[in-house]
2 protein chains.
Amino acid sequence: MTFVFNERESCSKCPIRHRAVCARCDTDELELLDGMKSYQTIAAGEPIIWRGDELTHFSSVVAGIASLSRTLEDGRIQMVGLLLPSDFIGRPGRETVEFDVTAVSDVTLCRFERKPFENLVEDVPHISQRVMEMALDELNAAREWMVLLGRKTAREKIATFLDMVIRRDTTPLHGAGSHSLPLTREEIANFLGLTLETVSRQLSAMKKEKILTFSDRRNFTILDLDALQEATGDDTDNALIA
Amino acid sequence: MTFVFNERESCSKCPIRHRAVCARCDTDELELLDGMKSYQTIAAGEPIIWRGDELTHFSSVVAGIASLSRTLEDGRIQMVGLLLPSDFIGRPGRETVEFDVTAVSDVTLCRFERKPFENLVEDVPHISQRVMEMALDELNAAREWMVLLGRKTAREKIATFLDMVIRRDTTPLHGAGSHSLPLTREEIANFLGLTLETVSRQLSAMKKEKILTFSDRRNFTILDLDALQEATGDDTDNALIA
DNA sequence: TGACCCGTTTGACCTAGATCAAGGATCACC
DNA sequence: GGTGATCCTTGATCTAGGTCAAACGGGTCA
C-alpha cells in the first residue's frame, strides 16, 4: 500500500474508503470530502481528546488503534470501546466529547471541521445513512460488552476478549493462527472490568491448559479454538462484535 | 390526552410525535408514515421478540416500558437497555434481532413493516438523520452503563440507577420528590449486574442512612439528593443517561 | 378468614476476584 | 553489556458481593 497521508492524496485511494463514514458516497460526494479533509498523527500513549473538550473536528481512524474510556473520581478506569481503522470519532449535533480518546498505538486520523461536516450530514443522505449504520453496529457491540461486564466471570471475559481479537485480526501475515494482542495487560483489564493481575492469572491458566501459547508477551497462538469458544459462556450461536 | 391507538388516528396528534423516529419529518413525510403504521399491545411480562427471531416490523414504543436483555447459556441474565416511550426497536439493514425484547409494563407499539420502512430510510433523509441521532444517544447511554457495570460498586450502581430514575421521571403527578420504580428488585439486579439480595440490602442501607424512604415496595422519596449523587461515584459533572 | 403466592427482606456463610507485595523478563538507551 | 524503566507473573491474604436458606408482608382467590 503506497497511500501517504497527505491532503493531496485522493480519497478514492484511501485504505478505509469502503468502510468509513464515506463508504456510501459516490464520486461527486467523495470530492466534497476530499476538499475538506486533513490528516493528523498522534503518537502511541498520547491523548487525542479529553472528556468535556470542545469537539472541533470529526475524524475517522485511518491507521492505528485508539481507545475510548472513562475515569471515575477516584481513578478507576473503564474502557468503553476500541477504535480501529474506519471507526468514527464525534457525535454530530453535540459540541463536546463524552469520553476520553487515547492513542493506543500510533494513530493517523482523517479529520473534518465540525460545522462543514455537520452541513454534509444535513445535505448528503449517504453520510447520515452511513453514520446511522455505524452507530447501530457500535450500539450492538456496546450491548454485547455490557453482557460481558455485567455477568461474565474473569475466565469468560478473557476468552471472549481473545475470541474477539482473533475474529477481528485480518492481518494476513500472521500465519497459522498466530495473533498479536493490541493491548497491555493493564489495558485489557480496563477493557474487561478486571485487574491486571487477574488478566495475567487467567492467561497463565489457559496457557497451562494448552488452550494457547505465547511466543512473547504480545504474540500468541490458539491451540484449541473449540475450548476457547466454549469458555466464552456465550449462548451457542455466538454472534460477536463484528 | 385523548389519543387512542387506532390506525385512523393521525400521527400528528401522537404523544411521541416530536421525539420518536418521525421527529424530524415534515407534514408530507408524516403522511407516508401515517399510512404505514399499525398498533400492537403487549401485556406486562410477555415477550415482544426473542433474540434470533426474524424482524418483521420496526417499531416505536408509544406507551409503557420494555427491556432489552440477553441470557447466557446457564441462565444468567443481563439487561442492556430500557425502552421508554419514543424509543425505537430494530436495526435497519439487519434481518434478525440481537437481544430479547420483553414488555416490563403493558406496552403499546407503533409498527412499520420492514421493507417499506427500509425504503423510507433510503429515500427520506429526515428518517435516517433521526435514527442516526437516536442511535448515537443510545450509544452514549450504553457506554455510560458499561462504566457502571465494569467499575462501580453495588452501592454506586444503586445510587446511579436511582439517580437515573428520578432524572427520567417526568410524571408530574408525583409531587414533592416522590417517584416510582419501574422494575422489580430482580429486574433491577439484572440491569445492574447484581443479585436481587444485594439490591435489597443496598436499598435497606440507604433507607437506614435516611437517603430515601419507601412508602411501599415501588414508591420512594429521596430525602438527601446530595448524598445520593455523591454516592454515584461519578466524576463531578454527572452528565448521565438523558 | 384462611391459604397460598409472589416479591421482598434479612441472616449466615462462602468464594471469585481484588489487594498487597515481591520478584522476573524484556526493552531502550547509554 | 549494564542500568533503569516498564510490563508481567506469581504468591499470600482480604473482602464485596454471591449463594443458600428462612421468614415476612400484602395481595388474591375461595
# chains A, B, ... in the order shown; residues from 1 in each chain; ligands from 1
>>> select_by_dssp(residues="region 114-239 of chain A", states="alpha helix (DSSP H)", output="ChimeraX atom specification")
/A:114-123,125-151,154-168,185-192,196-208,225-230
>>> select_by_dssp(residues="region 22-204 of chain B", states="strand (DSSP E or B)", output="MDAnalysis selection string")
chainID B and resid 38:42 47:49 54 57:63 66:71 77:83 88:89 96 100:103 107:113 178:180
>>> write_last_selection(atoms="N, CA and C atoms", output="CSV table (one decimal), in the first residue's frame")
chain,number,residue,atom,x,y,z
B,38,SER,N,-49.2,0.6,12.2
B,38,SER,CA,-50.3,-0.2,12.9
B,38,SER,C,-49.8,-0.3,14.3
B,39,TYR,N,-50.8,-0.5,15.2
B,39,TYR,CA,-50.5,-0.5,16.6
B,39,TYR,C,-50.6,-1.9,17.1
B,40,GLN,N,-49.8,-2.2,18.2
B,40,GLN,CA,-49.9,-3.5,18.8
B,40,GLN,C,-49.7,-3.3,20.3
B,41,THR,N,-50.4,-4.1,21.1
B,41,THR,CA,-50.3,-4.0,22.5
B,41,THR,C,-49.8,-5.3,23.1
B,42,ILE,N,-48.9,-5.3,24.0
B,42,ILE,CA,-48.3,-6.5,24.7
B,42,ILE,C,-48.5,-6.3,26.2
B,47,PRO,N,-43.1,-11.6,26.2
B,47,PRO,CA,-42.0,-11.3,25.3
B,47,PRO,C,-42.5,-10.6,24.1
B,48,ILE,N,-41.7,-9.7,23.6
B,48,ILE,CA,-42.1,-8.9,22.3
B,48,ILE,C,-41.4,-9.6,21.1
B,49,ILE,N,-40.1,-9.8,21.3
B,49,ILE,CA,-39.3,-10.6,20.3
B,49,ILE,C,-38.2,-11.3,21.0
B,54,GLU,N,-36.7,-13.4,13.3
B,54,GLU,CA,-36.7,-12.6,12.2
B,54,GLU,C,-37.5,-11.3,12.5
B,57,HIS,N,-41.1,-6.3,11.7
B,57,HIS,CA,-41.5,-4.9,11.8
B,57,HIS,C,-40.5,-4.1,12.6
B,58,PHE,N,-40.3,-2.9,12.2
B,58,PHE,CA,-39.7,-1.9,13.1
B,58,PHE,C,-40.8,-1.3,14.0
B,59,SER,N,-40.4,-0.9,15.2
B,59,SER,CA,-41.5,-0.3,16.0
B,59,SER,C,-40.9,0.8,16.9
B,60,SER,N,-41.8,1.7,17.3
B,60,SER,CA,-41.5,2.7,18.3
B,60,SER,C,-42.4,2.3,19.5
B,61,VAL,N,-41.8,2.5,20.7
B,61,VAL,CA,-42.6,2.3,21.9
B,61,VAL,C,-43.5,3.6,22.1
B,62,VAL,N,-44.8,3.5,22.1
B,62,VAL,CA,-45.6,4.6,22.3
B,62,VAL,C,-46.0,4.8,23.8
B,63,ALA,N,-46.3,3.7,24.4
B,63,ALA,CA,-46.6,3.8,25.8
B,63,ALA,C,-46.1,2.5,26.5
B,66,ALA,N,-40.4,-1.3,28.0
B,66,ALA,CA,-39.9,-2.7,27.6
B,66,ALA,C,-38.4,-2.8,28.0
B,67,SER,N,-37.9,-4.0,28.0
B,67,SER,CA,-36.5,-4.2,28.3
B,67,SER,C,-35.8,-4.9,27.2
B,68,LEU,N,-34.5,-4.6,27.0
B,68,LEU,CA,-33.7,-5.3,26.1
B,68,LEU,C,-32.7,-6.2,26.9
B,69,SER,N,-32.6,-7.5,26.7
B,69,SER,CA,-31.7,-8.2,27.5
B,69,SER,C,-31.1,-9.4,26.8
B,70,ARG,N,-30.2,-10.0,27.4
B,70,ARG,CA,-29.5,-11.2,26.9
B,70,ARG,C,-29.4,-12.2,28.0
B,71,THR,N,-29.6,-13.5,27.6
B,71,THR,CA,-29.4,-14.6,28.6
B,71,THR,C,-28.2,-15.5,28.2
B,77,ILE,N,-28.8,-13.5,33.4
B,77,ILE,CA,-29.5,-12.5,32.5
B,77,ILE,C,-28.8,-11.2,32.7
B,78,GLN,N,-28.5,-10.5,31.6
B,78,GLN,CA,-28.1,-9.1,31.7
B,78,GLN,C,-29.0,-8.2,30.9
B,79,MET,N,-29.6,-7.2,31.5
B,79,MET,CA,-30.4,-6.3,30.8
B,79,MET,C,-29.5,-5.3,30.1
B,80,VAL,N,-29.7,-4.9,28.9
B,80,VAL,CA,-28.8,-4.0,28.3
B,80,VAL,C,-29.4,-2.7,27.9
B,81,GLY,N,-30.7,-2.5,28.2
B,81,GLY,CA,-31.4,-1.3,28.0
B,81,GLY,C,-32.8,-1.3,28.4
B,82,LEU,N,-33.3,-0.1,28.7
B,82,LEU,CA,-34.8,0.0,28.9
B,82,LEU,C,-35.3,0.8,27.8
B,83,LEU,N,-36.5,0.4,27.3
B,83,LEU,CA,-37.1,1.1,26.2
B,83,LEU,C,-38.3,1.9,26.7
B,88,PHE,N,-36.9,3.2,19.9
B,88,PHE,CA,-37.1,2.5,18.6
B,88,PHE,C,-36.6,1.1,18.8
B,89,ILE,N,-37.3,0.2,18.1
B,89,ILE,CA,-36.8,-1.2,18.1
B,89,ILE,C,-36.5,-1.7,16.7
B,96,THR,N,-32.4,-10.0,11.6
B,96,THR,CA,-32.8,-10.7,12.9
B,96,THR,C,-32.5,-9.7,14.0
B,100,ASP,N,-33.2,-10.1,23.4
B,100,ASP,CA,-34.6,-10.3,23.7
B,100,ASP,C,-35.3,-9.0,24.1
B,101,VAL,N,-36.5,-8.8,23.6
B,101,VAL,CA,-37.2,-7.6,24.0
B,101,VAL,C,-38.5,-8.1,24.7
B,102,THR,N,-38.7,-7.5,25.9
B,102,THR,CA,-39.8,-8.0,26.8
B,102,THR,C,-40.5,-6.8,27.3
B,103,ALA,N,-41.9,-7.0,27.4
B,103,ALA,CA,-42.7,-5.9,28.0
B,103,ALA,C,-42.5,-5.9,29.5
B,107,VAL,N,-47.4,-2.6,27.1
B,107,VAL,CA,-46.7,-1.8,26.1
B,107,VAL,C,-47.5,-1.6,24.9
B,108,THR,N,-47.5,-0.4,24.3
B,108,THR,CA,-48.1,-0.2,23.0
B,108,THR,C,-47.0,0.2,22.0
B,109,LEU,N,-47.0,-0.5,20.9
B,109,LEU,CA,-46.0,-0.2,19.9
B,109,LEU,C,-46.7,0.4,18.6
B,110,CYS,N,-46.0,1.3,18.0
B,110,CYS,CA,-46.4,1.7,16.7
B,110,CYS,C,-45.5,1.0,15.7
B,111,ARG,N,-46.0,0.2,14.8
B,111,ARG,CA,-45.2,-0.7,14.0
B,111,ARG,C,-45.2,-0.3,12.5
B,112,PHE,N,-44.1,-0.6,11.8
B,112,PHE,CA,-43.9,-0.4,10.4
B,112,PHE,C,-43.3,-1.7,9.8
B,113,GLU,N,-43.9,-2.1,8.7
B,113,GLU,CA,-43.3,-3.3,8.1
B,113,GLU,C,-41.9,-3.1,7.6
B,178,SER,N,-41.5,12.5,45.0
B,178,SER,CA,-41.9,11.0,45.1
B,178,SER,C,-41.8,10.4,43.7
B,179,HIS,N,-41.2,9.2,43.7
B,179,HIS,CA,-41.0,8.5,42.4
B,179,HIS,C,-41.4,7.1,42.5
B,180,SER,N,-41.5,6.5,41.4
B,180,SER,CA,-41.9,5.1,41.4
B,180,SER,C,-40.9,4.2,40.6
>>> interface_residues(of="chain D", to="chain A", cutoff="12 Å", atoms="only C-alpha atoms (C1' of nucleotides)", output="list in words")
DT6, DC7, DC8, DT9, DT10 and DG11 of chain D
>>> residues_around(residues="Asp224 (chain B)", least_positions_apart="5", cutoff="8 Å", atoms="only C-alpha atoms (C1' of nucleotides)", output="count of residues only")
3
>>> atom_distance(atom1="CA of Glu230 (chain B)", atom2="CA of Arg218 (chain B)")
23.0 Å
>>> closest_atom_pairs(of="chain A", to="chain B", cutoff="8 Å", atoms="only C-alpha atoms", output="Markdown table")
| residue | atom | partner | partner_atom | distance |
| --- | --- | --- | --- | --- |
| A:Arg70 | CA | B:Val147 | CA | 7.1 |
| A:Thr71 | CA | B:Asp235 | CA | 7.6 |
| A:Leu72 | CA | B:Asp235 | CA | 5.5 |
| A:Glu73 | CA | B:Asp235 | CA | 4.6 |
| A:Arg76 | CA | B:Arg151 | CA | 6.8 |
| A:Ile77 | CA | B:Arg151 | CA | 7.3 |
| A:Gln78 | CA | B:Val147 | CA | 5.5 |
| A:Met79 | CA | B:Val147 | CA | 7.7 |
| A:Val80 | CA | B:Arg143 | CA | 5.7 |
| A:Arg91 | CA | B:Leu136 | CA | 6.8 |
| A:Pro92 | CA | B:Glu133 | CA | 7.9 |
| A:Gly93 | CA | B:Glu133 | CA | 7.9 |
| A:Glu98 | CA | B:Asn140 | CA | 7.6 |
| A:Val121 | CA | B:Gln129 | CA | 7.8 |
| A:Glu122 | CA | B:Gln129 | CA | 7.7 |
| A:Pro125 | CA | B:Pro125 | CA | 5.5 |
| A:Ser128 | CA | B:Gln129 | CA | 5.6 |
| A:Gln129 | CA | B:Ser128 | CA | 5.6 |
| A:Val131 | CA | B:Met132 | CA | 6.4 |
| A:Met132 | CA | B:Met132 | CA | 4.2 |
| A:Glu133 | CA | B:Met132 | CA | 7.8 |
| A:Ala135 | CA | B:Ala135 | CA | 5.8 |
| A:Leu136 | CA | B:Ala135 | CA | 5.9 |
| A:Glu138 | CA | B:Leu139 | CA | 7.2 |
| A:Leu139 | CA | B:Leu139 | CA | 5.2 |
| A:Asn140 | CA | B:Glu98 | CA | 7.6 |
| A:Ala142 | CA | B:Ala142 | CA | 6.3 |
| A:Arg143 | CA | B:Val80 | CA | 5.8 |
| A:Trp145 | CA | B:Met146 | CA | 7.4 |
| A:Met146 | CA | B:Met146 | CA | 5.5 |
| A:Val147 | CA | B:Gln78 | CA | 5.5 |
| A:Leu149 | CA | B:Gly150 | CA | 5.1 |
| A:Gly150 | CA | B:Gly193 | CA | 4.4 |
| A:Arg151 | CA | B:Gly193 | CA | 6.0 |
| A:Leu192 | CA | B:Gly150 | CA | 7.0 |
| A:Gly193 | CA | B:Gly150 | CA | 4.4 |
| A:Leu194 | CA | B:Gly150 | CA | 7.8 |
| A:Gly233 | CA | B:Glu73 | CA | 6.5 |
| A:Asp234 | CA | B:Leu72 | CA | 5.6 |
| A:Asp235 | CA | B:Glu73 | CA | 4.6 |
| A:Thr236 | CA | B:Glu73 | CA | 7.4 |
>>> closest_residue(among="A:Glu156, A:Glu209, A:Asp28, A:Asp216", to="chain C", atoms="only C-alpha atoms (C1' of nucleotides)")
A:Asp216
>>> interface_residues(of="chain C", to="chain A", cutoff="9 Å", atoms="only C-alpha atoms (C1' of nucleotides)", output="PyMOL selection string")
chain C and resi 16-18
>>> residues_around(residues="region 19-21 of chain D", least_positions_apart="2", cutoff="9 Å", atoms="only C-alpha atoms (C1' of nucleotides)", output="PyMOL selection string")
chain C and resi 11-14
>>> atom_distance(atom1="CA of Leu55 (chain A)", atom2="CA of Val104 (chain A)")
20.1 Å
>>> residues_around(residues="DA30 (chain D)", least_positions_apart="3", cutoff="12 Å", atoms="only C-alpha atoms (C1' of nucleotides)", output="JSON, numbers by chain")
{"C": [1, 2, 3, 4]}
